[in-house]
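Step one of this worksheet: look at the structure below.
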Amino acid sequence: MKKVDVLLGLQWGDEGKGKIVDVLTPKYDVIARFQGGPNAGHTLEFEGIKHVLHTIPSGIFRKNAINVVGNGVVIDPIIFKREITALDKLNVNVSSTLKISKKAHLILPTHRLLDAASEAAKGNSKIGSTLKGIGPTYMDKTGRNGLRVGDFLTEKFKEKYTFLKEKHEQILKQFGAETVSTEVENEWFESLETLKRFELIDSEQYLNNKLKDGRSVLAEGAQGSLLDIDFGSYPFVTSSNTVCAGACTGLGVAPNRIGNVIGIFKAYCTRVGSGPFPTELFDEIGEDLCRIGHEYGSTTGRKRRCGWLDIPALNYAIMINGVTELNMLKTDVLDSFDTIKVCTQYKVNGELTDQMPFDLTETVEPVYIEMKGWKTDLTKFTNGDPLPQELQDYIAFIEEQTGVPISVVSVGPDREQTLFQNVSSITV
């Protein structure tokens with residue numbers, strides 16, 4: 001029986017997961033999203049096309065792959081319809097290659113209003129939510145009030161919707177916020193019709209049957225490990241389990257069915273929104289990283305905070321995910337730097353540690369080592385080209401610090417700008 005390989009981010013999101021899923025998809029029969037929702041923004045570039053996916057798995061542009069939206073994902077029908085419309089314009093055959101779990105929860109228009117009202121009420125303590133209604137939807141899921149895709153097929157769907165909407169309206173009154181407009185509500189119901197184009201499945205049965213038939217499956221994570229609801233920089237986190245264990249609950253596959261775990265990280269660090277960020281740079285170098293790396297959120301458009309690579313945080317993410325191989329992205333962003341710093345330890349209350357503390361606060365001071373930059377334009381490199389010695393040293397240092405091989409080095413946004421270093425560890 002085949003195993004599920006898992007691909008996920010090891011930082012605060014925006015690591016470039018979508019690109020790598022797109023690159024690896026020809027090796028897999030099924031690509032499955034297992035958590036999150038339209039707060040994700042997976043950017044793919046190929047053949048002069050730049051496309052951002054929010055709900056749909058990043059294997060959708062590969063003709064022979066089946067793409068599954070798993071039960072752990074939350075779906076906004078309005079955003080989903082827009083995604084499908086954009087794919088239709090590119091003549092992507094989504095109707096036959098995209099399948100949706102009946103157990104995936106639906107984001108209602110009132111969920112988005114609750115998200116905005118809750119965030120506004122926090123004032124200076126705001127989380128930095130994408131305001132897509134993700135958190136309130138997961139709250140209803142765990143509160144056993146949620147509305148699922150499969151409910152759309154039942155006679156009591158409108159009744160369940162009305163019950164949940166009225167519950168939300170009571171809460172919105174407490175916030176002093178307005179309720180949903182008739183126009184938006186009508187758009188939401190009209191967008192639900194788009195779901196009828198697709199096969200609605202019991203995804204846990206579907207995926208396990210595929211594994212029994214010897215088919216290969218890649219589970220695609222969204223956000224990043226340091227945003228995990230349990231293990232991230234709480235409370236500045238997302239509302240789902242972004243770590244490898246989330247693939248089990250978000251798809252219905254057993255822990256012993258997990259195979260390789262591919263961890264994606266940037267050659268430096270970024271973060272969107274509020275929350276602690278030990279290696280954040282507030283100087284010209286931080287601005288240069290943002291400018292060169294085009295560090296603006298693909299979902300929100302917000303400017304990303306930038307800093308040097310953080311080894312303690314990376315090792316923490318590797319540990320909780322059981323990462324078997326690393327993929328380093330946006331390496332080319334560091335092309336012009338004379339020297340590059342890497343955080344190898346923290347100083348917490350005056351004491352050195354290489355462990356992630358319980359609370360990443362301002363008392364956490366990064367301790368850096370400095371390495372020589374490669375001062376080379378990597379964007380023109382292709383597979384087989386010898387890498388600059390300074391970059392080889394950077395790769396070797398990270399591998400030594402983490403104990404995990406780097407199998408891919410990305411040197412640009414296009415799928416062709418992907419340099420394989422050690423493909424033997426990828427088994428499909």
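Going by the structure tokens order, chains are called A, B, ..., each with residues numbered from 1, while ligands are numbered from 1 in the order shown.
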
request  = Report as an NGL selection string: the residues of range 143-363 of chain A with a DSSP assignment of strand (DSSP E or B), based on the backbone of this structure.
outcome  = :A and (148 or 199-201 or 217-220 or 258-266 or 269-271 or 280 or 296 or 303 or 305-307 or 309-310 or 325-329 or 339-348 or 351-353)

Give me the residues near range 212-218 of chain A as a PDB file with N, CA and C atoms, in the first residue's frame, where near means some atom within 7 Å (using only C-alpha atoms) and where sequence neighbours in that chain fewer than 2 positions away do not count.
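Generated file (out33.pdb):
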ATOM      1  N   MET A   1       0.844  -1.200   0.000  1.00  0.00           N
ATOM      2  CA  MET A   1       0.000   0.000   0.000  1.00  0.00           C
ATOM      3  C   MET A   1       0.879   1.250   0.000  1.00  0.00           C
ATOM      4  N   LYS A   2       0.559   2.177  -0.873  1.00  0.00           N
ATOM      5  CA  LYS A   2       1.317   3.421  -0.978  1.00  0.00           C
ATOM      6  C   LYS A   2       1.146   4.270   0.286  1.00  0.00           C
ATOM      7  N   VAL A   4       1.258   8.414   1.920  1.00  0.00           N
ATOM      8  CA  VAL A   4       1.012   9.813   1.566  1.00  0.00           C
ATOM      9  C   VAL A   4       2.259  10.632   1.891  1.00  0.00           C
ATOM     10  N   ASP A   5       2.817  11.295   0.893  1.00  0.00           N
ATOM     11  CA  ASP A   5       3.886  12.248   1.158  1.00  0.00           C
ATOM     12  C   ASP A   5       3.240  13.587   1.528  1.00  0.00           C
ATOM     13  N   VAL A   6       3.881  14.315   2.413  1.00  0.00           N
ATOM     14  CA  VAL A   6       3.327  15.577   2.902  1.00  0.00           C
ATOM     15  C   VAL A   6       4.295  16.710   2.580  1.00  0.00           C
ATOM     16  N   TYR A  28       3.065  12.520  -8.919  1.00  0.00           N
ATOM     17  CA  TYR A  28       1.960  12.067  -8.078  1.00  0.00           C
ATOM     18  C   TYR A  28       0.669  11.943  -8.884  1.00  0.00           C
ATOM     19  N   ASP A  29      -0.197  11.056  -8.400  1.00  0.00           N
ATOM     20  CA  ASP A  29      -1.509  10.868  -9.025  1.00  0.00           C
ATOM     21  C   ASP A  29      -2.559  11.788  -8.420  1.00  0.00           C
ATOM     22  N   VAL A  30      -2.412  12.094  -7.127  1.00  0.00           N
ATOM     23  CA  VAL A  30      -3.408  12.902  -6.417  1.00  0.00           C
ATOM     24  C   VAL A  30      -2.703  13.961  -5.573  1.00  0.00           C
ATOM     25  N   ILE A  31      -3.205  15.202  -5.636  1.00  0.00           N
ATOM     26  CA  ILE A  31      -2.755  16.285  -4.778  1.00  0.00           C
ATOM     27  C   ILE A  31      -3.942  16.671  -3.890  1.00  0.00           C
ATOM     28  N   ALA A  32      -3.721  16.709  -2.564  1.00  0.00           N
ATOM     29  CA  ALA A  32      -4.833  16.955  -1.651  1.00  0.00           C
ATOM     30  C   ALA A  32      -4.503  18.049  -0.642  1.00  0.00           C
ATOM     31  N   ASN A 208      -7.953   6.728   0.690  1.00  0.00           N
ATOM     32  CA  ASN A 208      -7.460   5.423   1.136  1.00  0.00           C
ATOM     33  C   ASN A 208      -7.627   4.355   0.061  1.00  0.00           C
ATOM     34  N   ASN A 209      -8.678   4.463  -0.736  1.00  0.00           N
ATOM     35  CA  ASN A 209      -8.835   3.533  -1.860  1.00  0.00           C
ATOM     36  C   ASN A 209      -7.752   3.756  -2.907  1.00  0.00           C
ATOM     37  N   LYS A 210      -7.401   5.019  -3.125  1.00  0.00           N
ATOM     38  CA  LYS A 210      -6.323   5.327  -4.066  1.00  0.00           C
ATOM     39  C   LYS A 210      -5.005   4.715  -3.591  1.00  0.00           C
ATOM     40  N   GLU A 220      -0.919  18.630   0.495  1.00  0.00           N
ATOM     41  CA  GLU A 220      -0.418  20.007   0.408  1.00  0.00           C
ATOM     42  C   GLU A 220      -0.906  20.829   1.583  1.00  0.00           C
ATOM     43  N   VAL A 428       8.030   7.992  -5.021  1.00  0.00           N
ATOM     44  CA  VAL A 428       6.605   8.033  -5.334  1.00  0.00           C
ATOM     45  C   VAL A 428       6.218   6.762  -6.060  1.00  0.00           C
TER      46      VAL A 428
END

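Nearest residue to Ala117 in chain A among A:Met139, A:Val52, A:Leu200, A:Leu172 is A:Leu172, counting only C-alpha atoms.
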
message = Just checking: using only C-alpha atoms, which residue out of A:Tyr234, A:Phe152, A:Phe265, A:Phe337 ends up closest to Thr194 in chain A?
response = A:Phe152

request  = Would you kindly return, as a PyMOL selection string, each protein, DNA or RNA residue with an atom no farther than 8 Å from any atom of range 40-44 of chain A, considering only C-alpha atoms and excluding same-chain residues fewer than 6 positions away?
outcome  = chain A and resi 14+16-19+22+50-55+58+222-223+297-299+413-415

ask   = Near Asn186 in chain A, within 12 Å and counting only C-alpha atoms, which residues show up once chain neighbours fewer than 5 positions away are dropped, as a VMD selection string?
value = chain A and resid 77 to 78 108 to 109 180 to 181 191 to 193

Produce a file of the selected residues containing C-alpha atoms, as a PDB file, in the first residue's frame.
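Dumped to selection01.pdb:
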ATOM      1  CA  PRO A  77     -18.222  29.565  -2.143  1.00  0.00           C
ATOM      2  CA  ILE A  78     -17.817  33.127  -3.455  1.00  0.00           C
ATOM      3  CA  LEU A 108     -20.760  31.936   5.471  1.00  0.00           C
ATOM      4  CA  PRO A 109     -20.900  35.681   4.730  1.00  0.00           C
ATOM      5  CA  VAL A 180     -24.848  40.698   5.995  1.00  0.00           C
ATOM      6  CA  SER A 181     -26.467  42.493   3.081  1.00  0.00           C
ATOM      7  CA  SER A 191     -21.916  30.728  -5.841  1.00  0.00           C
ATOM      8  CA  LEU A 192     -22.974  27.471  -4.195  1.00  0.00           C
ATOM      9  CA  GLU A 193     -24.225  26.345  -7.603  1.00  0.00           C
TER      10      GLU A 193
END

ask   = Just asking: which residues within range 128-377 of chain A are alpha helix (DSSP H) according to DSSP, as a PyMOL selection string?
value = chain A and resi 134-142+157-175+182-195+203-212+245-251+284-292+311-321

ask   = Residues at most 12 Å from Lys122 in chain A, counting only C-alpha atoms, excluding those fewer than 6 positions away in the same chain, as a ChimeraX atom specification?
value = /A:115-116,128-129,175,274

task = List the neighbours of Phe277 in chain A out to 12 Å using only C-alpha atoms; skip same-chain residues closer than 6 positions along the sequence, and give me the result as number ranges by chain.
result = A: 11-12, 226-227, 232-233, 236, 269-271, 304-310, 313, 343, 346, 356, 359-366

Taking N, CA and C atoms for each residue, export the selection above as a compact mmCIF listing (two decimals), in the first residue's frame.
# COMPACT_ATOMS: atom_id res chain seq x y z
N GLN A 11 7.99 27.83 8.18
CA GLN A 11 8.15 29.15 8.78
C GLN A 11 6.77 29.73 9.07
N TRP A 12 6.60 31.03 8.84
CA TRP A 12 5.31 31.68 9.12
C TRP A 12 4.46 31.80 7.86
N LEU A 226 4.85 27.49 11.95
CA LEU A 226 4.92 28.41 13.08
C LEU A 226 3.62 29.20 13.27
N LEU A 227 2.62 28.88 12.43
CA LEU A 227 1.28 29.44 12.58
C LEU A 227 0.29 28.38 13.05
N GLY A 232 2.33 26.88 17.10
CA GLY A 232 2.81 28.14 16.55
C GLY A 232 2.99 29.20 17.62
N SER A 233 3.27 30.43 17.19
CA SER A 233 3.53 31.54 18.12
C SER A 233 2.19 32.10 18.62
N PHE A 236 -0.82 34.47 18.03
CA PHE A 236 -0.69 35.01 16.67
C PHE A 236 -0.51 33.87 15.68
N CYS A 269 13.75 34.75 6.30
CA CYS A 269 12.44 34.61 6.96
C CYS A 269 11.54 35.78 6.62
N THR A 270 10.23 35.51 6.58
CA THR A 270 9.25 36.58 6.46
C THR A 270 8.05 36.25 7.35
N ARG A 271 7.30 37.28 7.65
CA ARG A 271 6.05 37.10 8.38
C ARG A 271 5.08 38.20 7.99
N ARG A 304 5.21 42.17 3.79
CA ARG A 304 5.74 41.17 4.71
C ARG A 304 6.93 41.72 5.48
N ARG A 305 7.00 41.38 6.73
CA ARG A 305 8.17 41.68 7.56
C ARG A 305 9.28 40.70 7.18
N CYS A 306 10.52 41.16 7.14
CA CYS A 306 11.62 40.33 6.65
C CYS A 306 12.75 40.25 7.66
N GLY A 307 13.45 39.11 7.66
CA GLY A 307 14.59 38.93 8.55
C GLY A 307 15.47 37.78 8.10
N TRP A 308 16.53 37.53 8.84
CA TRP A 308 17.47 36.46 8.49
C TRP A 308 16.91 35.09 8.86
N LEU A 309 17.50 34.07 8.29
CA LEU A 309 17.10 32.69 8.57
C LEU A 309 17.28 32.37 10.05
N ASP A 310 16.29 31.68 10.61
CA ASP A 310 16.24 31.36 12.03
C ASP A 310 16.36 29.84 12.21
N ALA A 313 14.13 28.12 15.13
CA ALA A 313 12.74 27.98 14.69
C ALA A 313 12.60 26.91 13.62
N CYS A 343 20.70 33.08 12.21
CA CYS A 343 20.50 32.96 13.65
C CYS A 343 20.68 31.49 14.06
N TYR A 346 19.26 31.66 20.50
CA TYR A 346 18.60 32.81 21.10
C TYR A 346 19.26 33.12 22.44
N MET A 356 13.19 26.64 21.09
CA MET A 356 12.12 27.63 20.99
C MET A 356 11.51 27.83 22.37
N ASP A 359 7.23 31.42 24.93
CA ASP A 359 6.66 32.66 24.42
C ASP A 359 7.75 33.46 23.71
N LEU A 360 7.60 33.63 22.40
CA LEU A 360 8.56 34.43 21.64
C LEU A 360 8.25 35.92 21.85
N THR A 361 8.89 36.51 22.81
CA THR A 361 8.63 37.92 23.11
C THR A 361 9.86 38.76 22.80
N GLU A 362 9.78 40.02 23.19
CA GLU A 362 10.90 40.92 22.92
C GLU A 362 12.15 40.56 23.74
N THR A 363 12.02 39.68 24.72
CA THR A 363 13.18 39.26 25.51
C THR A 363 14.03 38.25 24.75
N VAL A 364 13.55 37.79 23.58
CA VAL A 364 14.30 36.83 22.77
C VAL A 364 15.21 37.60 21.83
N GLU A 365 16.51 37.45 22.02
CA GLU A 365 17.51 38.14 21.21
C GLU A 365 18.23 37.12 20.31
N PRO A 366 18.20 37.30 19.00
CA PRO A 366 18.87 36.35 18.11
C PRO A 366 20.39 36.47 18.19

remark   = Nearest to Asn67 in chain A, restricted to only C-alpha atoms and choosing among A:Leu207, A:Leu131, A:Ala317, A:Ile49, comes out as A:Leu207

request  = Excluding Lys380 in chain A and residues on its chain fewer than 5 positions from it, collect all residues at most 12 Å away from it, counting only C-alpha atoms, and give them as a list in words.
outcome  =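 Answer for this query is Asp332, Asp335, Asp385, Pro386, Leu387, Ser410, Val411, Gly412, Pro413, Asp414, Glu416, Gln417, Thr418 and Leu419 of chain A.
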
Restricted to C-alpha atoms, what would the selected residues look like written as a PDB file, in the first residue's frame?
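File again-v1.pdb, as written:
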ATOM      1  CA  ASP A 332      18.124  34.182  -5.493  1.00  0.00           C
ATOM      2  CA  ASP A 335      22.225  37.126  -4.628  1.00  0.00           C
ATOM      3  CA  ASP A 385      25.254  23.869 -13.237  1.00  0.00           C
ATOM      4  CA  PRO A 386      27.809  23.950 -10.391  1.00  0.00           C
ATOM      5  CA  LEU A 387      26.612  26.262  -7.641  1.00  0.00           C
ATOM      6  CA  SER A 410      14.746  27.370  -5.966  1.00  0.00           C
ATOM      7  CA  VAL A 411      16.373  30.284  -7.813  1.00  0.00           C
ATOM      8  CA  GLY A 412      13.308  32.058  -9.192  1.00  0.00           C
ATOM      9  CA  PRO A 413       9.508  31.950  -9.294  1.00  0.00           C
ATOM     10  CA  ASP A 414       9.141  29.951 -12.515  1.00  0.00           C
ATOM     11  CA  GLU A 416      11.856  25.842 -14.492  1.00  0.00           C
ATOM     12  CA  GLN A 417      13.967  27.713 -11.919  1.00  0.00           C
ATOM     13  CA  THR A 418      14.124  24.692  -9.636  1.00  0.00           C
ATOM     14  CA  LEU A 419      17.461  22.999  -8.980  1.00  0.00           C
TER      15      LEU A 419
END

Residue nearest Lys27 in chain A - candidates A:Ala177, A:Ile79, A:Ala65, A:Leu87, atoms counted: only C-alpha atoms = A:Ala65

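Minimum distance to Gly403 in chain A across A:Glu287, A:Glu190, A:Glu183, A:Glu325 (counting only C-alpha atoms) occurs at A:Glu325.
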
query = Hey, which of A:Val237, A:Phe420, A:Ile318, A:Asp230 ends up closest to Gly384 in chain A? Count only C-alpha atoms.
reply =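 Looking only at the distances to Gly384 in chain A, the closest residue turns out to be A:Phe420.
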
note = What separates CA of Asn256 in chain A and CA of Thr402 in chain A is a distance of 23.9 Å
